[in-house]
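Working notes, beginning with the structure itself.
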Amino acid sequence: MRALLPVACSALAGCSLVVDASAEQCTSDASCERLGGAGSVCIEGFCSQPAASTSSSSTTSEPSTSTSSTGSGSDASSTTNGSSSEETGDIVDPAWGCADTPLPVPDGNVTLTIRLADVVTGEAPEITSARLCALLDSACMTPIADLEFTDGRAEATVAAGFEGYVEVMATDIAPSLVYVAPAVRDEERFTPLVPDALIDTSASLLGLMFNRDERGIMIAQVRDCTGELAAGISMHMNEADDQTTRFFGMLPDDNASATSADGTGGFLNVPEGFGTWSATVEATGQGVKELRFVHRAGWASLVVFDASQEFVVE
């Protein structure tokens, strides 16, 4: 399985694999408390919550479910990996165990550091225009601010909970709508930008063309609670039609049903307007993220979802 973005390790923060929930997850209680919260303990290599006391030794607890605050409907609930018993308690999946604890939206403002780089070279692109826009302002008729980038970085101060995007024009890069929400704390948000030529090459590998006159492209990358690129993530878009192609993998693969180890997937030839994108853990159906985003003809809509930026992981 391969993905549209040929991510260079040096350019995009390394090549770490996602956590394998079937492998040994811990060596000490301290590592489990960091991933699963207070009270988590290391039992036979797995992070576990202490079993609840019962009046009968024959009672066995049911496997726990984990519901993301940003998931939707029945997709948001699933059984965690591993077994559960009175002796060991419920296994905590370190990849998505944080999803029960969303970060609170603070009062006042937060400062976002927005970092952009060419996905092929890893270098800061020559940005000719960058405007911060509210999500509902789909054409960015009333930009919130013009951003000044230095070495691929710019800062923006926004109200806590801000929903919006950065409209980016850069030399040799596809015009891009970079999603930067929700803003719930001061932090850096990194998004790789995609050259126009790479989009055309990738589309041709699918036997397709990018219909820039009428359609857009959406590319999403998912990281789990540990900050690792997440494999096994399925993506859906409500507005996809018979001209829209979903893909996953290091090269576009429309037959794959979930992300590979690079955590990347997307949709080619997306209709213009607002789109609803959602991501779930394919193996369990657990909702990971749902968001509304803007799609424009000829533009790339870019999303990097990092669960550690939206859920408490300490």
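Quick note on naming: the chains in the structure tokens go A, B, ... in the order shown, residues restart at 1 in each chain, and ligands are numbered from 1 in order of appearance.
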Using only C-alpha atoms, find each residue of region 162-207 of chain A with at least one atom at most 10 Å away from an atom of region 218-233 of chain A; report its shortest atom-to-atom pair and that distance in Å (one decimal), sort the rows by chain and rising residue number, and return the result as a Markdown table.
| residue | atom | partner | partner_atom | distance |
| --- | --- | --- | --- | --- |
| A:Ser176 | CA | A:Met218 | CA | 9.6 |
| A:Leu177 | CA | A:Met218 | CA | 9.3 |
| A:Tyr179 | CA | A:Ala220 | CA | 9.9 |
| A:Thr191 | CA | A:Gln221 | CA | 9.0 |
| A:Pro192 | CA | A:Gln221 | CA | 9.6 |
| A:Leu193 | CA | A:Ile219 | CA | 9.9 |
| A:Val194 | CA | A:Ile219 | CA | 9.3 |
Problem set entry | Picked from region 154-286 of chain A by DSSP as strand (DSSP E), as a PyMOL selection string | chain A and resi 154-159+164-170+176-179+187-193+215-223+233-237+245-248+264-271+273-281
Problem set entry | Given only C-alpha atoms as the counted atoms, nearest of A:Met237, A:Ala160, A:Leu302, A:Val168 to Glu148 (chain A) |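 Result for the nearest residue to Glu148 (chain A): A:Val168.
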For this session: Using only C-alpha atoms, determine which residues lie at most 12 Å from Gln309 (chain A), disregarding the query and same-chain residues fewer than 3 positions distant; provide the list as an MDAnalysis selection string.
Result: chainID A and resid 98:99 101:104 112 180:190 222:227 304:306 312:314
Limited to C-alpha atoms, could you put the picked residues into a file as a compact mmCIF listing (two decimals), in the first residue's frame?
# COMPACT_ATOMS: atom_id res chain seq x y z
CA CYS A 98 -6.07 9.49 24.61
CA ALA A 99 -9.25 9.97 22.61
CA THR A 101 -9.86 13.11 27.03
CA PRO A 102 -10.26 16.13 24.72
CA LEU A 103 -8.29 19.26 25.44
CA PRO A 104 -10.48 22.01 26.93
CA LEU A 112 -0.24 29.19 16.19
CA VAL A 180 -5.17 24.85 10.94
CA ALA A 181 -8.04 24.13 13.36
CA PRO A 182 -8.99 23.69 16.06
CA ALA A 183 -6.74 26.13 17.88
CA VAL A 184 -6.80 25.08 21.54
CA ARG A 185 -3.28 25.96 22.73
CA ASP A 186 -0.07 27.68 21.63
CA GLU A 187 1.70 25.25 19.30
CA GLU A 188 3.31 24.64 15.92
CA ARG A 189 1.31 23.16 13.08
CA PHE A 190 3.29 21.63 10.19
CA VAL A 222 -3.15 11.27 10.38
CA ARG A 223 -1.02 10.92 13.53
CA ASP A 224 -2.10 8.99 16.62
CA CYS A 225 -1.96 9.85 20.34
CA THR A 226 1.77 9.14 20.46
CA GLY A 227 2.44 11.51 17.55
CA VAL A 304 -2.70 17.10 9.04
CA PHE A 305 -4.63 15.63 11.97
CA ASP A 306 -2.52 14.92 15.06
CA VAL A 312 -4.72 15.12 26.48
CA VAL A 313 -1.81 12.66 26.32
CA GLU A 314 0.21 13.62 29.43
